[in-house]
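The structure appears below as structure tokens.
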Amino acid sequence: MMKKKQSIIHSIAAAPHIFWSVLFIILPLLIVVYYAFTDGEGNFSFENILSLGEYAEIFGLSLELSVIATFVCLIIGYPLAMIIAKSKPKHQKIFLMLLMLPMWTNLLIRTYSIMAIFDDGGILNSLLGTTFHFIGTKGAVIFGMVYDFLPYMVLPIYTCVSKIDKHMWEAASDLGCSPTKVLTKVIIPLSMSGVISGVTMVLVPSISTFYISQKLGGGTFELIGDTIERQFVTGALNVGAAISLVMMILILISLSVMNKFSDSSDGGIIV
Amino acid sequence: MKKYLSGIYLTLIFGILYIPIITLIFFSFNSANSTAVFEGFSIKWYIELFNSPETFEALRNTLILAVLSSLIATVIGTAAAEGIYRMRNKLAKSAITSVTNIPMMNPDIVTGMSMMLFFVAVVAGISTVFELTYEDIGFFAMLIAHTTFCLPYVILSVLPRINELGNSLTEAAQDLGCTSMQAFFKVKLPNIMPGVISGMVMAFTMSLDDFVISYFVGSSNFQTLPLLIYSMTKKKVTPDMYALSAIIIVTVFLLLIISNFKTGKKIEGRRREARRK
């Protein structure tokens, strides 16, 4: 008797959320699909989708830069996460805080501070009296992505590594593993779910960024985020919707493929 | 040896992370109108900043938006977590969780674009009945957008707590005569409170920090701090933008220290309590 009454009340509990999700998540996405397949007057057309070929190069460039940035983040971030996880608990807390502070500082400010330093007439050049040219190169954009998103790589890996039983290390080396083997055979496989969520948390914002490329790219080249933003500013919403749609589908596919490789769903949200 | 190497590595990475931020704060005290040459110490950019009504309006808007959207998201999200936990139908359960995660998985730019198109359509629909412009619903559009991308963070922080708690406590409460509503509010809610609070804090900071979605959804008459910073960096930058950034950075830093200190104490306290038992 009790059970029945309970289930009625509790089935209503999720109702506002379901209503909200349908209205403000699913419906807007359907509208994106509608815009992508219509012209300005609302007639059905494939024109927007077909015109996407023009943007293939931009897509490629975005993918290239964001994959490099993600890889650099992983190479820098993994050892960092390991060092933090192996340090004293008291120090761990301080390191984590130091890592989280930049993350909580607005992305615009962080990106802008890089520009203030490396700009042609910026702080570095006026301090040293040099004419070092950095802003406007691909390297600057990659640097910006790494700088902005590194904490997103480190934190999930840290969460994962710190959960690994300390005895694992000892057991592996007792059983004859060299330190390198302990790392490659035991620790890295066990921290894979952290690596995967770190990779997605860096890759997705990198590939879709427009502020970093606008500021640090110096307007010399365009990424896919810039293209969408430009369509939005100029009011070419149908093309913008088509690009967004393709980007969303590609990202959701790659995310679900990556999630297949990570067995557990934890480690994703620790921020 | 190994210890020194890791020390050097940590210093190097944190150095690179912090040098730009510290330089920015340093240059906010520049007396010259230059963003590259330091001529002398002054706080004139701070004074200028505090004299601008634009900054205060943006600050007020940002706070109102963050408070309201995190509150709404917390109420809806906590109820949703309870509902999802009770759901028997596995398929419905996983369908709801995947839809919930969409705004978190999707790039912000796509979420922003989709919401903007949605509100454009809503305005177009309503204005066939009576006159309405996008500016009229500017605030509500922002509120709805922020609540939507905050919801998954609340649910993901509350749901594990509910799973952990299990049913026995609420069942005991009901056996002792509580209605299921009372059992939820008097027994379950206090127990899952840490999850609810951390979800709300997360939602609040997400809303404070958001630029991309606000940029797409926002209208010209409702400006938030990130949008103000964006428009400041579009023009030629003067050091007052540095001053604003410095204030934000220091505020975040203080909040982080306070919250860490508090949760540290709380965890310590709970541990002590557990030990006593």
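Residue numbers start at 1 in each chain; chains themselves are named A, B, ... in the order of the structure tokens; ligands are numbered from 1 in the order shown.
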(Q) Only residues of chain A matter here; which ones have an atom within 6 Å of chain B, counting only C-alpha atoms? Give them as a PyMOL selection string. (A) chain A and resi 10-11+13-14+17+28-29+32+105-106+113-114+122-123+204+244
Those selected residues, please, written with C-alpha atoms and delivered as an mmCIF file, in the first residue's frame.
```
data_model
loop_
_atom_site.group_PDB
_atom_site.id
_atom_site.type_symbol
_atom_site.label_atom_id
_atom_site.label_comp_id
_atom_site.auth_asym_id
_atom_site.auth_seq_id
_atom_site.Cartn_x
_atom_site.Cartn_y
_atom_site.Cartn_z
ATOM 1 C CA HIS A 10 8.053 10.459 -6.574
ATOM 2 C CA SER A 11 7.169 10.040 -10.195
ATOM 3 C CA ALA A 13 9.381 14.774 -8.708
ATOM 4 C CA ALA A 14 11.182 14.501 -12.025
ATOM 5 C CA HIS A 17 12.845 18.661 -15.021
ATOM 6 C CA PRO A 28 15.905 24.331 -29.335
ATOM 7 C CA LEU A 29 17.960 21.550 -30.918
ATOM 8 C CA VAL A 32 18.570 24.195 -35.077
ATOM 9 C CA THR A 105 38.883 33.105 -13.337
ATOM 10 C CA ASN A 106 36.985 34.106 -16.414
ATOM 11 C CA SER A 113 46.325 38.346 -20.102
ATOM 12 C CA ILE A 114 48.316 36.177 -22.509
ATOM 13 C CA GLY A 122 53.074 44.034 -25.391
ATOM 14 C CA ILE A 123 54.713 43.741 -22.007
ATOM 15 C CA VAL A 204 35.292 20.138 -26.823
ATOM 16 C CA SER A 244 26.430 23.963 -35.430
#
```
Q: Tell me, as JSON, numbers by chain, which residues lie within 12 Å of B:Ile64, counting only C-alpha atoms; anything in the same chain fewer than 5 positions away does not count.
A: {"B": [57, 58, 59, 69, 70, 71, 139, 140, 142, 143, 146, 204, 207, 208, 222, 223, 224, 225]}
Include N, CA and C atoms and write out the residues we just selected as a PDB file, in the first residue's frame.
```
ATOM      1  N   GLU B  57      26.098  48.138 -13.037  1.00  0.00           N
ATOM      2  CA  GLU B  57      24.910  47.512 -13.599  1.00  0.00           C
ATOM      3  C   GLU B  57      25.231  46.076 -14.020  1.00  0.00           C
ATOM      4  N   ALA B  58      26.397  45.909 -14.677  1.00  0.00           N
ATOM      5  CA  ALA B  58      26.782  44.562 -15.111  1.00  0.00           C
ATOM      6  C   ALA B  58      26.972  43.640 -13.924  1.00  0.00           C
ATOM      7  N   LEU B  59      27.594  44.170 -12.870  1.00  0.00           N
ATOM      8  CA  LEU B  59      27.816  43.366 -11.666  1.00  0.00           C
ATOM      9  C   LEU B  59      26.486  42.946 -11.050  1.00  0.00           C
ATOM     10  N   SER B  69      19.233  31.768 -11.133  1.00  0.00           N
ATOM     11  CA  SER B  69      19.336  30.547 -11.932  1.00  0.00           C
ATOM     12  C   SER B  69      19.856  29.389 -11.088  1.00  0.00           C
ATOM     13  N   SER B  70      20.782  29.653 -10.154  1.00  0.00           N
ATOM     14  CA  SER B  70      21.261  28.523  -9.353  1.00  0.00           C
ATOM     15  C   SER B  70      20.181  28.053  -8.387  1.00  0.00           C
ATOM     16  N   LEU B  71      19.366  28.981  -7.876  1.00  0.00           N
ATOM     17  CA  LEU B  71      18.272  28.560  -6.989  1.00  0.00           C
ATOM     18  C   LEU B  71      17.254  27.711  -7.737  1.00  0.00           C
ATOM     19  N   PHE B 139      15.954  39.387 -20.273  1.00  0.00           N
ATOM     20  CA  PHE B 139      16.298  38.847 -18.967  1.00  0.00           C
ATOM     21  C   PHE B 139      15.819  37.410 -18.812  1.00  0.00           C
ATOM     22  N   PHE B 140      14.573  37.147 -19.232  1.00  0.00           N
ATOM     23  CA  PHE B 140      14.024  35.804 -19.062  1.00  0.00           C
ATOM     24  C   PHE B 140      14.762  34.788 -19.920  1.00  0.00           C
ATOM     25  N   MET B 142      17.888  34.919 -20.713  1.00  0.00           N
ATOM     26  CA  MET B 142      19.140  34.643 -20.011  1.00  0.00           C
ATOM     27  C   MET B 142      18.898  33.717 -18.825  1.00  0.00           C
ATOM     28  N   LEU B 143      17.829  34.007 -18.061  1.00  0.00           N
ATOM     29  CA  LEU B 143      17.538  33.207 -16.869  1.00  0.00           C
ATOM     30  C   LEU B 143      17.277  31.751 -17.252  1.00  0.00           C
ATOM     31  N   HIS B 146      20.579  30.099 -18.486  1.00  0.00           N
ATOM     32  CA  HIS B 146      21.507  29.792 -17.396  1.00  0.00           C
ATOM     33  C   HIS B 146      20.998  28.633 -16.549  1.00  0.00           C
ATOM     34  N   PHE B 204      26.098  28.165  -9.374  1.00  0.00           N
ATOM     35  CA  PHE B 204      26.319  29.594  -9.189  1.00  0.00           C
ATOM     36  C   PHE B 204      27.590  30.059  -9.907  1.00  0.00           C
ATOM     37  N   SER B 207      27.235  29.971 -13.689  1.00  0.00           N
ATOM     38  CA  SER B 207      26.461  31.093 -14.195  1.00  0.00           C
ATOM     39  C   SER B 207      27.285  32.377 -14.180  1.00  0.00           C
ATOM     40  N   LEU B 208      28.035  32.595 -13.087  1.00  0.00           N
ATOM     41  CA  LEU B 208      28.882  33.793 -13.000  1.00  0.00           C
ATOM     42  C   LEU B 208      29.865  33.862 -14.140  1.00  0.00           C
ATOM     43  N   PHE B 222      20.638  43.752 -21.442  1.00  0.00           N
ATOM     44  CA  PHE B 222      20.941  43.022 -20.211  1.00  0.00           C
ATOM     45  C   PHE B 222      22.376  42.522 -20.281  1.00  0.00           C
ATOM     46  N   GLN B 223      23.280  43.363 -19.731  1.00  0.00           N
ATOM     47  CA  GLN B 223      24.689  43.035 -19.845  1.00  0.00           C
ATOM     48  C   GLN B 223      25.218  42.421 -18.554  1.00  0.00           C
ATOM     49  N   THR B 224      26.020  41.363 -18.687  1.00  0.00           N
ATOM     50  CA  THR B 224      26.655  40.768 -17.515  1.00  0.00           C
ATOM     51  C   THR B 224      28.145  41.098 -17.553  1.00  0.00           C
ATOM     52  N   LEU B 225      28.843  40.784 -16.471  1.00  0.00           N
ATOM     53  CA  LEU B 225      30.276  41.103 -16.415  1.00  0.00           C
ATOM     54  C   LEU B 225      31.089  40.476 -17.548  1.00  0.00           C
TER      55      LEU B 225
END
```
Q) In Å, how far is it from atom CA of A:Asn259 to atom CA of A:Ser197? A)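 Computed distance, atom CA of A:Asn259 to atom CA of A:Ser197, equals 8.5 Å.
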**Q.** Spatial neighbours of A:Ile212, max dist 8 Å, only C-alpha atoms, sep filter under 5 positions, as a PyMOL selection string
**A.** chain A and resi 111+141+144-145+217
I need the chosen residues saved as a PDB file, in the first residue's frame, with C-alpha atoms.
```
ATOM      1  CA  THR A 111      43.124  34.732 -22.642  1.00  0.00           C
ATOM      2  CA  VAL A 141      46.325  29.861 -30.388  1.00  0.00           C
ATOM      3  CA  GLY A 144      46.107  29.828 -25.389  1.00  0.00           C
ATOM      4  CA  MET A 145      44.076  26.623 -25.525  1.00  0.00           C
ATOM      5  CA  GLY A 217      45.024  34.412 -33.702  1.00  0.00           C
TER       6      GLY A 217
END
```
Q: Run DSSP on the backbone of this structure and report the residues of stretch 108-205 of chain B it assigns to alpha helix (DSSP H), as a PyMOL selection string.
A: chain B and resi 108-126+138-165+168-175+180-182+189-205
So that I have them on file, write out the residues from the current selection with C-alpha atoms, as an mmCIF file, in the first residue's frame.
```cif
data_model
loop_
_atom_site.group_PDB
_atom_site.id
_atom_site.type_symbol
_atom_site.label_atom_id
_atom_site.label_comp_id
_atom_site.auth_asym_id
_atom_site.auth_seq_id
_atom_site.Cartn_x
_atom_site.Cartn_y
_atom_site.Cartn_z
ATOM 1 C CA ASP B 108 28.697 26.028 -25.445
ATOM 2 C CA ILE B 109 28.517 27.661 -28.826
ATOM 3 C CA VAL B 110 25.950 25.090 -30.027
ATOM 4 C CA THR B 111 23.887 25.385 -26.845
ATOM 5 C CA GLY B 112 23.994 29.173 -27.164
ATOM 6 C CA MET B 113 23.025 29.072 -30.824
ATOM 7 C CA SER B 114 20.127 26.659 -30.231
ATOM 8 C CA MET B 115 18.709 28.680 -27.342
ATOM 9 C CA MET B 116 19.005 31.919 -29.269
ATOM 10 C CA LEU B 117 17.122 30.438 -32.236
ATOM 11 C CA PHE B 118 14.513 29.095 -29.819
ATOM 12 C CA PHE B 119 13.909 32.510 -28.254
ATOM 13 C CA VAL B 120 13.815 34.160 -31.669
ATOM 14 C CA ALA B 121 11.087 31.686 -32.600
ATOM 15 C CA VAL B 122 9.232 32.317 -29.337
ATOM 16 C CA VAL B 123 9.323 36.072 -29.889
ATOM 17 C CA ALA B 124 8.161 35.640 -33.480
ATOM 18 C CA GLY B 125 5.320 33.417 -32.267
ATOM 19 C CA ILE B 126 4.153 35.778 -29.543
ATOM 20 C CA GLY B 138 16.126 39.530 -22.681
ATOM 21 C CA PHE B 139 16.298 38.847 -18.967
ATOM 22 C CA PHE B 140 14.024 35.804 -19.062
ATOM 23 C CA ALA B 141 15.906 34.326 -21.985
ATOM 24 C CA MET B 142 19.140 34.643 -20.011
ATOM 25 C CA LEU B 143 17.538 33.207 -16.869
ATOM 26 C CA ILE B 144 16.158 30.199 -18.727
ATOM 27 C CA ALA B 145 19.426 29.601 -20.568
ATOM 28 C CA HIS B 146 21.507 29.792 -17.396
ATOM 29 C CA THR B 147 19.133 27.534 -15.470
ATOM 30 C CA THR B 148 19.266 25.009 -18.301
ATOM 31 C CA PHE B 149 23.037 24.680 -18.369
ATOM 32 C CA CYS B 150 23.196 24.685 -14.538
ATOM 33 C CA LEU B 151 20.709 21.812 -14.124
ATOM 34 C CA PRO B 152 23.044 18.931 -15.048
ATOM 35 C CA TYR B 153 25.605 20.070 -12.477
ATOM 36 C CA VAL B 154 23.015 20.022 -9.706
ATOM 37 C CA ILE B 155 21.650 16.627 -10.700
ATOM 38 C CA LEU B 156 25.109 15.107 -11.040
ATOM 39 C CA SER B 157 26.059 16.339 -7.618
ATOM 40 C CA VAL B 158 22.823 15.288 -5.849
ATOM 41 C CA LEU B 159 22.176 11.922 -7.523
ATOM 42 C CA PRO B 160 25.280 10.127 -6.139
ATOM 43 C CA ARG B 161 24.307 11.247 -2.626
ATOM 44 C CA ILE B 162 20.799 9.834 -3.030
ATOM 45 C CA ASN B 163 22.177 6.588 -4.407
ATOM 46 C CA GLU B 164 24.597 6.370 -1.514
ATOM 47 C CA LEU B 165 21.916 7.039 1.092
ATOM 48 C CA SER B 168 16.351 2.363 4.492
ATOM 49 C CA LEU B 169 16.278 5.695 6.323
ATOM 50 C CA THR B 170 13.203 7.032 4.559
ATOM 51 C CA GLU B 171 11.483 3.668 4.915
ATOM 52 C CA ALA B 172 12.209 3.711 8.627
ATOM 53 C CA ALA B 173 10.786 7.217 8.847
ATOM 54 C CA GLN B 174 7.633 6.123 7.057
ATOM 55 C CA ASP B 175 7.260 3.078 9.303
ATOM 56 C CA SER B 180 6.398 10.227 2.196
ATOM 57 C CA MET B 181 6.625 14.002 1.879
ATOM 58 C CA GLN B 182 7.710 14.370 5.505
ATOM 59 C CA LEU B 189 16.931 16.190 2.402
ATOM 60 C CA PRO B 190 19.108 16.912 5.461
ATOM 61 C CA ASN B 191 21.167 13.844 4.613
ATOM 62 C CA ILE B 192 21.771 14.792 1.000
ATOM 63 C CA MET B 193 22.306 18.472 1.861
ATOM 64 C CA PRO B 194 26.070 18.511 1.161
ATOM 65 C CA GLY B 195 25.375 17.330 -2.388
ATOM 66 C CA VAL B 196 22.610 19.904 -2.818
ATOM 67 C CA ILE B 197 24.842 22.712 -1.569
ATOM 68 C CA SER B 198 27.825 21.766 -3.686
ATOM 69 C CA GLY B 199 25.524 21.479 -6.715
ATOM 70 C CA MET B 200 24.177 24.937 -6.015
ATOM 71 C CA VAL B 201 27.655 26.420 -5.578
ATOM 72 C CA MET B 202 28.755 24.813 -8.830
ATOM 73 C CA ALA B 203 25.692 26.144 -10.631
ATOM 74 C CA PHE B 204 26.319 29.594 -9.189
ATOM 75 C CA THR B 205 29.925 29.730 -10.367
#
```
